[in-house]
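Enquirer: Just so it is clear, I am handing over structure.cif, which has mmCIF, C-alpha atoms.
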```cif
data_my_file
#
loop_
_atom_site.label_atom_id
_atom_site.label_comp_id
_atom_site.auth_asym_id
_atom_site.auth_seq_id
_atom_site.Cartn_x
_atom_site.Cartn_y
_atom_site.Cartn_z
CA MET A 1 -30.77 14.16 10.08
CA SER A 2 -31.38 11.69 12.88
CA ASN A 3 -28.83 9.02 13.69
CA ASN A 4 -31.80 6.65 13.86
CA VAL A 5 -32.44 7.02 10.13
CA ALA A 6 -30.93 4.12 8.19
CA LEU A 7 -33.04 3.03 5.24
CA ALA A 8 -33.72 5.49 2.43
CA ARG A 9 -37.17 7.04 2.18
CA THR A 10 -38.22 6.47 -1.40
CA ASP A 11 -41.01 9.07 -1.22
CA ASN A 12 -38.53 11.84 -0.40
CA ALA A 13 -37.29 13.38 -3.68
CA ALA A 14 -34.66 15.54 -2.01
CA GLU A 15 -33.23 12.55 -0.20
CA LEU A 16 -33.10 10.46 -3.37
CA GLU A 17 -31.28 13.30 -5.10
CA ARG A 18 -28.57 13.17 -2.43
CA PHE A 19 -28.10 9.46 -3.15
CA ARG A 20 -28.03 10.19 -6.89
CA GLU A 21 -25.30 12.78 -6.33
CA ILE A 22 -23.03 10.39 -4.44
CA GLN A 23 -23.62 7.64 -7.00
CA ARG A 24 -22.67 9.99 -9.83
CA LEU A 25 -19.59 11.04 -7.89
CA CYS A 26 -18.56 7.37 -7.71
CA TYR A 27 -18.91 6.93 -11.46
CA GLN A 28 -16.98 10.13 -12.08
CA CYS A 29 -14.18 8.75 -9.92
CA ALA A 30 -14.26 5.39 -11.73
CA GLN A 31 -14.14 6.98 -15.19
CA GLU A 32 -11.36 9.43 -14.34
CA VAL A 33 -9.22 6.76 -12.68
CA ALA A 34 -9.89 4.26 -15.48
CA ALA A 35 -8.66 6.82 -18.00
CA THR A 36 -5.25 6.81 -16.27
CA LEU A 37 -4.79 3.03 -16.20
CA GLU A 38 -1.71 1.70 -17.93
CA PRO A 39 0.29 -1.54 -18.00
CA GLY A 40 2.14 -2.25 -14.77
CA VAL A 41 -0.18 -0.48 -12.32
CA THR A 42 -1.27 -2.67 -9.41
CA GLU A 43 -4.70 -3.14 -7.83
CA ARG A 44 -3.42 -1.62 -4.58
CA GLU A 45 -2.11 1.48 -6.37
CA VAL A 46 -5.41 2.02 -8.16
CA CYS A 47 -7.37 1.64 -4.91
CA ARG A 48 -5.17 4.22 -3.20
CA THR A 49 -5.81 6.58 -6.11
CA MET A 50 -9.58 6.09 -5.88
CA ARG A 51 -9.54 6.59 -2.14
CA ARG A 52 -7.57 9.85 -2.41
CA TRP A 53 -9.85 11.07 -5.23
CA LEU A 54 -12.99 10.40 -3.22
CA ARG A 55 -11.60 11.99 -0.06
CA GLY A 56 -10.71 15.04 -2.14
CA HIS A 57 -14.33 15.27 -3.29
CA GLY A 58 -15.93 15.30 0.12
CA VAL A 59 -16.23 11.61 1.01
CA ASP A 60 -16.04 11.27 4.78
CA ASP A 61 -17.09 7.67 5.49
CA TRP A 62 -17.38 4.26 3.85
CA LEU A 63 -19.63 1.29 3.36
CA HIS A 64 -16.42 -0.26 2.15
CA THR A 65 -13.16 1.14 0.83
CA PRO A 66 -12.38 0.78 -2.90
CA PHE A 67 -11.65 -2.55 -4.56
CA ALA A 68 -9.95 -3.26 -7.89
CA TRP A 69 -9.71 -6.63 -9.63
CA PHE A 70 -7.56 -7.32 -12.70
CA GLY A 71 -7.42 -10.22 -15.14
CA ASP A 72 -8.79 -13.55 -13.91
CA ARG A 73 -9.48 -11.89 -10.57
CA THR A 74 -12.45 -10.15 -12.26
CA ALA A 75 -14.02 -13.63 -12.39
CA PHE A 76 -12.94 -14.47 -8.81
CA ARG A 77 -11.08 -17.54 -10.04
CA GLY A 78 -9.57 -19.41 -7.13
CA PHE A 79 -11.24 -17.19 -4.51
CA LYS A 80 -11.89 -19.31 -1.42
CA VAL A 81 -11.55 -16.90 1.52
CA PRO A 82 -12.77 -13.29 1.98
CA VAL A 83 -9.29 -11.74 2.13
CA GLN A 84 -8.81 -12.65 -1.54
CA PHE A 85 -11.26 -9.87 -2.45
CA LEU A 86 -8.87 -7.28 -1.06
CA PRO A 87 -6.69 -5.36 -3.52
CA SER A 88 -3.55 -7.25 -4.43
CA GLY A 89 -0.25 -6.69 -6.17
CA ARG A 90 -1.65 -7.98 -9.47
CA ARG A 91 -0.37 -5.79 -12.29
CA LEU A 92 -2.55 -4.71 -15.19
CA GLU A 93 -1.53 -5.90 -18.64
CA GLU A 94 -2.65 -5.07 -22.16
CA GLY A 95 -5.93 -6.84 -22.98
CA MET A 96 -6.78 -7.43 -19.30
CA PRO A 97 -10.29 -6.77 -17.98
CA TYR A 98 -10.65 -4.81 -14.78
CA ILE A 99 -13.39 -3.98 -12.27
CA LEU A 100 -13.38 -0.91 -10.02
CA ASP A 101 -15.76 -1.09 -7.06
CA MET A 102 -16.34 1.57 -4.42
CA ALA A 103 -18.89 2.34 -1.70
CA PRO A 104 -18.30 5.74 -0.09
CA ALA A 105 -20.54 7.97 1.99
CA ARG A 106 -20.72 11.76 2.11
CA GLU A 107 -22.61 13.48 4.92
CA GLY A 108 -24.31 10.15 5.61
CA TYR A 109 -25.55 9.48 2.07
CA SER A 110 -24.01 6.41 0.50
CA ALA A 111 -23.67 4.53 -2.77
CA ASP A 112 -22.08 1.30 -3.94
CA ILE A 113 -21.02 0.97 -7.58
CA GLY A 114 -19.13 -1.38 -9.86
CA TYR A 115 -17.43 -0.20 -13.05
CA GLY A 116 -15.92 -2.58 -15.59
CA GLY A 117 -13.57 -2.10 -18.48
CA VAL A 118 -10.64 -3.54 -20.37
CA LEU A 119 -7.18 -2.17 -21.10
CA GLY A 120 -7.03 -2.22 -24.87
CA GLU A 121 -9.11 -4.89 -26.60
CA ASN A 122 -10.60 -8.15 -25.38
CA ARG A 123 -13.35 -9.75 -27.48
CA VAL A 124 -14.50 -12.03 -24.66
CA TRP A 125 -14.98 -9.03 -22.38
CA GLU A 126 -16.88 -7.18 -25.12
CA GLN A 127 -19.30 -10.10 -25.53
CA LEU A 128 -19.86 -10.55 -21.80
CA ASP A 129 -20.42 -6.83 -21.33
CA THR A 130 -22.92 -6.80 -24.20
CA ASP A 131 -24.82 -9.71 -22.65
CA LEU A 132 -24.73 -8.08 -19.21
CA ALA A 133 -27.27 -5.47 -20.35
CA ALA A 134 -30.06 -8.07 -20.22
CA TYR A 135 -29.72 -8.38 -16.45
CA ARG A 136 -30.56 -4.73 -15.84
CA THR A 137 -33.80 -5.14 -17.77
CA LEU A 138 -34.67 -8.52 -16.26
CA ILE A 139 -34.09 -7.53 -12.64
CA LEU A 140 -36.14 -4.34 -12.89
CA ASP A 141 -39.02 -6.16 -14.60
CA LEU A 142 -39.17 -8.88 -11.96
CA VAL A 143 -38.94 -6.43 -9.05
CA LYS A 144 -41.77 -4.39 -10.57
CA ARG A 145 -43.80 -7.62 -10.73
CA ARG A 146 -43.12 -8.08 -6.99
CA LEU A 147 -41.60 -11.54 -7.33
CA PRO A 148 -39.85 -12.65 -4.14
CA PHE A 149 -36.18 -11.72 -4.07
CA ALA A 150 -35.10 -15.37 -3.93
CA GLU A 151 -37.13 -16.15 -7.06
CA ILE A 152 -35.56 -13.21 -8.89
CA TYR A 153 -32.16 -14.57 -7.88
CA ALA A 154 -33.15 -17.92 -9.43
CA GLU A 155 -34.31 -16.21 -12.64
CA VAL A 156 -30.95 -14.45 -12.89
CA ASP A 157 -29.24 -17.83 -12.44
CA ALA A 158 -31.37 -19.23 -15.24
CA LEU A 159 -30.34 -16.42 -17.60
CA ILE A 160 -26.68 -16.94 -16.73
CA GLU A 161 -27.02 -20.63 -17.58
CA ARG A 162 -28.79 -19.88 -20.88
CA GLN A 163 -25.99 -17.53 -21.86
CA GLY A 164 -23.37 -20.14 -21.02
CA TYR A 165 -21.69 -18.15 -18.25
CA ASP A 166 -20.88 -18.61 -14.56
CA ASN A 167 -22.59 -16.87 -11.65
CA ARG A 168 -19.82 -14.94 -9.90
CA HIS A 169 -21.89 -12.87 -7.44
CA ARG A 170 -22.41 -16.11 -5.51
CA LYS A 171 -18.75 -15.76 -4.51
CA TYR A 172 -19.50 -12.60 -2.53
CA PRO A 173 -19.97 -12.96 1.23
CA GLY A 174 -23.54 -14.13 1.73
CA ARG A 175 -23.77 -15.02 -2.00
CA VAL A 176 -25.54 -11.69 -2.48
CA ILE A 177 -26.70 -10.11 -5.70
CA GLY A 178 -27.70 -7.01 -3.76
CA HIS A 179 -28.05 -5.30 -0.40
CA GLN A 180 -29.90 -2.36 1.06
CA VAL A 181 -28.24 1.05 1.10
CA GLY A 182 -29.18 3.90 3.37
CA ILE A 183 -28.01 6.81 5.46
CA ILE A 184 -24.96 5.97 7.50
CA GLY A 185 -25.01 7.39 11.01
CA GLY A 186 -24.80 6.43 14.64
CA PRO A 187 -22.81 7.13 17.79
CA LEU A 188 -19.64 5.34 16.71
CA PRO A 189 -16.82 7.46 15.27
CA LYS A 190 -16.14 7.36 11.55
CA GLY A 191 -13.49 4.82 10.75
CA VAL A 192 -12.69 1.67 8.81
CA GLY A 193 -12.69 -1.90 10.11
CA PHE A 194 -10.91 -2.78 6.88
CA PRO A 195 -12.42 -2.88 4.38
CA PHE A 196 -15.82 -1.92 5.86
CA GLY A 197 -16.79 1.34 7.48
CA VAL A 198 -17.41 0.99 11.22
CA ARG A 199 -20.67 2.94 11.12
CA PHE A 200 -21.87 0.92 8.12
CA LEU A 201 -21.29 -2.31 10.06
CA GLN A 202 -23.29 -0.85 12.94
CA THR A 203 -26.11 0.19 10.60
CA ILE A 204 -26.30 -3.08 8.66
CA GLY A 205 -26.15 -5.04 11.91
CA ARG A 206 -29.10 -3.10 13.29
CA GLU A 207 -31.05 -3.62 10.07
CA LEU A 208 -30.29 -7.34 10.02
CA VAL A 209 -31.91 -7.69 13.42
CA LYS A 210 -34.89 -5.45 12.59
CA GLU A 211 -35.55 -7.02 9.19
CA ARG A 212 -35.22 -10.58 10.49
CA MET A 213 -37.89 -9.78 13.08
CA GLN A 214 -40.18 -8.96 10.12
CA GLY A 215 -39.20 -12.06 8.17
CA ARG A 216 -36.97 -10.15 5.76
CA SER A 217 -33.28 -9.43 5.23
CA PRO A 218 -31.29 -6.39 4.05
CA LEU A 219 -29.18 -8.89 2.08
CA TRP A 220 -30.51 -10.22 -1.24
CA ASN A 221 -29.55 -13.74 -2.20
CA GLY A 222 -31.22 -17.03 -3.07
CA SER A 223 -31.80 -18.24 0.49
CA LYS A 224 -35.05 -18.59 2.41
CA GLN A 225 -34.28 -15.27 4.14
CA SER A 226 -34.87 -13.63 0.72
CA GLN A 227 -38.12 -15.49 0.07
CA HIS A 228 -40.19 -12.31 0.44
CA PRO A 229 -41.43 -9.56 -1.90
CA PRO A 230 -39.01 -6.71 -2.64
CA THR A 231 -38.57 -4.50 0.42
CA PRO A 232 -39.11 -0.77 -0.18
CA GLY A 233 -35.91 1.21 -0.06
CA LEU A 234 -32.67 1.60 -1.98
CA TRP A 235 -30.86 -1.53 -3.11
CA ALA A 236 -27.33 -1.79 -4.50
CA VAL A 237 -27.73 -4.46 -7.18
CA GLU A 238 -24.65 -6.20 -8.61
CA PRO A 239 -25.13 -9.06 -11.08
CA HIS A 240 -21.69 -10.48 -11.84
CA ILE A 241 -21.06 -13.01 -14.62
CA GLY A 242 -17.94 -14.78 -15.80
CA PHE A 243 -16.55 -16.85 -18.63
CA ARG A 244 -13.20 -18.57 -18.09
CA ASP A 245 -10.82 -15.84 -16.86
CA VAL A 246 -13.05 -12.85 -17.62
CA GLY A 247 -15.66 -11.39 -15.29
CA VAL A 248 -18.00 -8.44 -15.78
CA LYS A 249 -20.50 -6.72 -13.52
CA PHE A 250 -22.41 -3.55 -12.98
CA GLU A 251 -23.55 -2.24 -9.63
CA GLU A 252 -25.97 0.62 -9.12
CA LEU A 253 -28.87 1.73 -6.95
CA LEU A 254 -32.40 0.45 -7.48
CA VAL A 255 -35.34 2.33 -5.95
CA VAL A 256 -38.05 -0.02 -4.65
CA THR A 257 -41.41 1.39 -3.54
CA GLU A 258 -44.44 -0.38 -2.11
CA ASP A 259 -45.79 -1.17 -5.58
CA ASP A 260 -43.17 -0.19 -8.16
CA ALA A 261 -39.45 0.15 -8.86
CA HIS A 262 -37.01 2.11 -11.01
CA TRP A 263 -33.28 2.55 -11.34
CA LEU A 264 -32.17 5.64 -9.45
CA ASP A 265 -30.33 6.98 -12.50
CA ASP A 266 -30.14 6.04 -16.19
CA ASP A 267 -27.37 8.51 -16.97
CA LEU A 268 -24.61 5.99 -16.22
CA PRO A 269 -21.53 4.85 -18.17
CA HIS A 270 -22.59 1.24 -18.74
CA VAL A 271 -26.08 2.28 -19.85
CA HIS A 272 -24.59 4.67 -22.42
CA ARG A 273 -22.04 2.06 -23.53
CA TRP A 274 -24.73 -0.56 -24.15
CA ALA A 275 -26.91 1.94 -26.03
CA ALA A 276 -24.01 3.03 -28.25
CA ARG A 277 -23.07 -0.57 -29.01
CA LYS A 278 -26.67 -1.43 -29.87
CA ALA A 279 -27.00 1.63 -32.11
CA GLY A 280 -23.83 0.68 -33.96
CA ALA A 281 -24.78 -2.96 -34.44
#
```
Let me see whether you can do it: turn the structure in this file into structure tokens.
Expert:
Amino acid sequence: MSNNVALARTDNAAELERFREIQRLCYQCAQEVAATLEPGVTEREVCRTMRRWLRGHGVDDWLHTPFAWFGDRTAFRGFKVPVQFLPSGRRLEEGMPYILDMAPAREGYSADIGYGGVLGENRVWEQLDTDLAAYRTLILDLVKRRLPFAEIYAEVDALIERQGYDNRHRKYPGRVIGHQVGIIGGPLPKGVGFPFGVRFLQTIGRELVKERMQGRSPLWNGSKQSQHPPTPGLWAVEPHIGFRDVGVKFEELLVVTEDDAHWLDDDLPHVHRWAARKAGA
């Protein structure tokens, strides 16, 4: 594997399978760690647990180290500066929503996922999570229709408004709803410029320059830099909605080709949860 390879080759089945494997590993980590959550645990403690789990399963580099958000922090209430995204001493309580987010790499292949849940019961979270399913369908449909990324972003905003919720992905750096994912390599040593991996920063910096020269961006938001048709490659897509002090999101990899698109994997926890809820309705 060349250190010059960055963006995923969507016509390479073996390569896509490596990305699918690391994404599934992330969800396995999220589910196993979520099953251990109990009142009193802090965001920092959970992130340390996820990091140890991933290291123990072959992870050797990072797009970014794990995040955990509890309670109103799932909706990014009061977030004004980037350091507020970092894991805090917030303790989990009964009825609190939570989001686990991780972006590891193993042998260069990377993924970026978001996993939401609630400790006990929370009817607001249940409703938001049910409504979140529509975004997975909408985004795929619009990408397949080759609408410009910025226009898809606007359509997502419109759905959020119709549902009566708040757009929370606009709080992310760059107001992104997604970003390209690829093979992490390069001459720099593996390490973390907390919370981002050093080699990921090198890779995304190189792609920012290259894509800008072609009138595109590896970051997907509602700006003029995203006013172009979907770029072929792998995209980590993360619609994030909120209502009052509850936020929900999913994040998973979307495969974009020259003339089509599909989710990398449908065998995912949130997909199964939505299907089970719909079947029981």
Enquirer: Report, in Å with one decimal, the straight-line distance from CA of Tyr135 in chain A to CA of Pro239 in chain A.
Expert: 7.1 Å
Enquirer: Where's the centre, and what are the edge lengths in Å to one decimal, of a box along x, y and z enclosing all listed atoms of range 233-249 of chain A padded 6 Å per side, as JSON?
Expert:
```
{"center_x": -23.4, "center_y": -8.5, "center_z": -9.3, "size_x": 37.1, "size_y": 32.2, "size_z": 30.6}
```
Enquirer: For a test of reading the model, state the distance in Å between CA of Trp274 in chain A and CA of Asp131 in chain A, rounded to one decimal.
Expert: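 Atom-to-atom, CA of Trp274 in chain A to CA of Asp131 in chain A, that is 9.3 Å.
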Enquirer: For each of A:His262, A:Ile99, A:Glu17, A:Leu268, take the minimum atom-to-atom distance to Thr137 in chain A, counting all atoms listed in the file, then give the residue where this is smallest.
Expert: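 Result for the nearest residue to Thr137 in chain A: A:His262.
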Enquirer: My list of candidates is A:Leu219, A:Ala68, A:Val124, A:Ile183. Which is closest to Asp101 in chain A when distances are computed with only C-alpha atoms?
Expert: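 Counting only C-alpha atoms, the residue closest to Asp101 in chain A is A:Ala68.
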Enquirer: Can you list what the PyMOL selection byres ((chain A and resi 138-146) around 7) grabs from this structure, as a ChimeraX atom specification?
Expert: /A:134-137,147-148,152,229-230,260-262
Enquirer: Evaluated on this file, the PyMOL selection byres ((chain A and resi 22) around 9) picks out some residues - which ones are they, written as a PyMOL selection string?
Expert: chain A and resi 17-21+23-27+59+104-106+109-111
Enquirer: Report the residues retrieved by the PyMOL selection byres ((chain A and resi 270) around 10) from the displayed file, expressed as a list in words.
Expert: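 On this input, the PyMOL selection byres ((chain A and resi 270) around 10) captures Tyr27, Gly114, Tyr115, Gly116, Gly117, Asp129, Thr130, Leu132, Ala133, Lys249, Phe250, Glu251, Asp266, Asp267, Leu268, Pro269, Val271, His272, Arg273, Trp274, Ala275 and Ala276 of chain A.
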Enquirer: Would you please work out which residue, of A:Pro82, A:Pro232, A:Gly280, A:Pro39, is nearest to Arg175 in chain A when using only C-alpha atoms?
Expert: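 Closest candidate: A:Pro82.
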Enquirer: Which of these, A:His169, A:Thr36, A:Ser226, A:Pro66, has the shortest distance to Asp112 in chain A once you count all atoms listed in the file?
Expert: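 Checking each of A:His169, A:Thr36, A:Ser226, A:Pro66 against Asp112 in chain A, counting all atoms listed in the file, the winner is A:Pro66.
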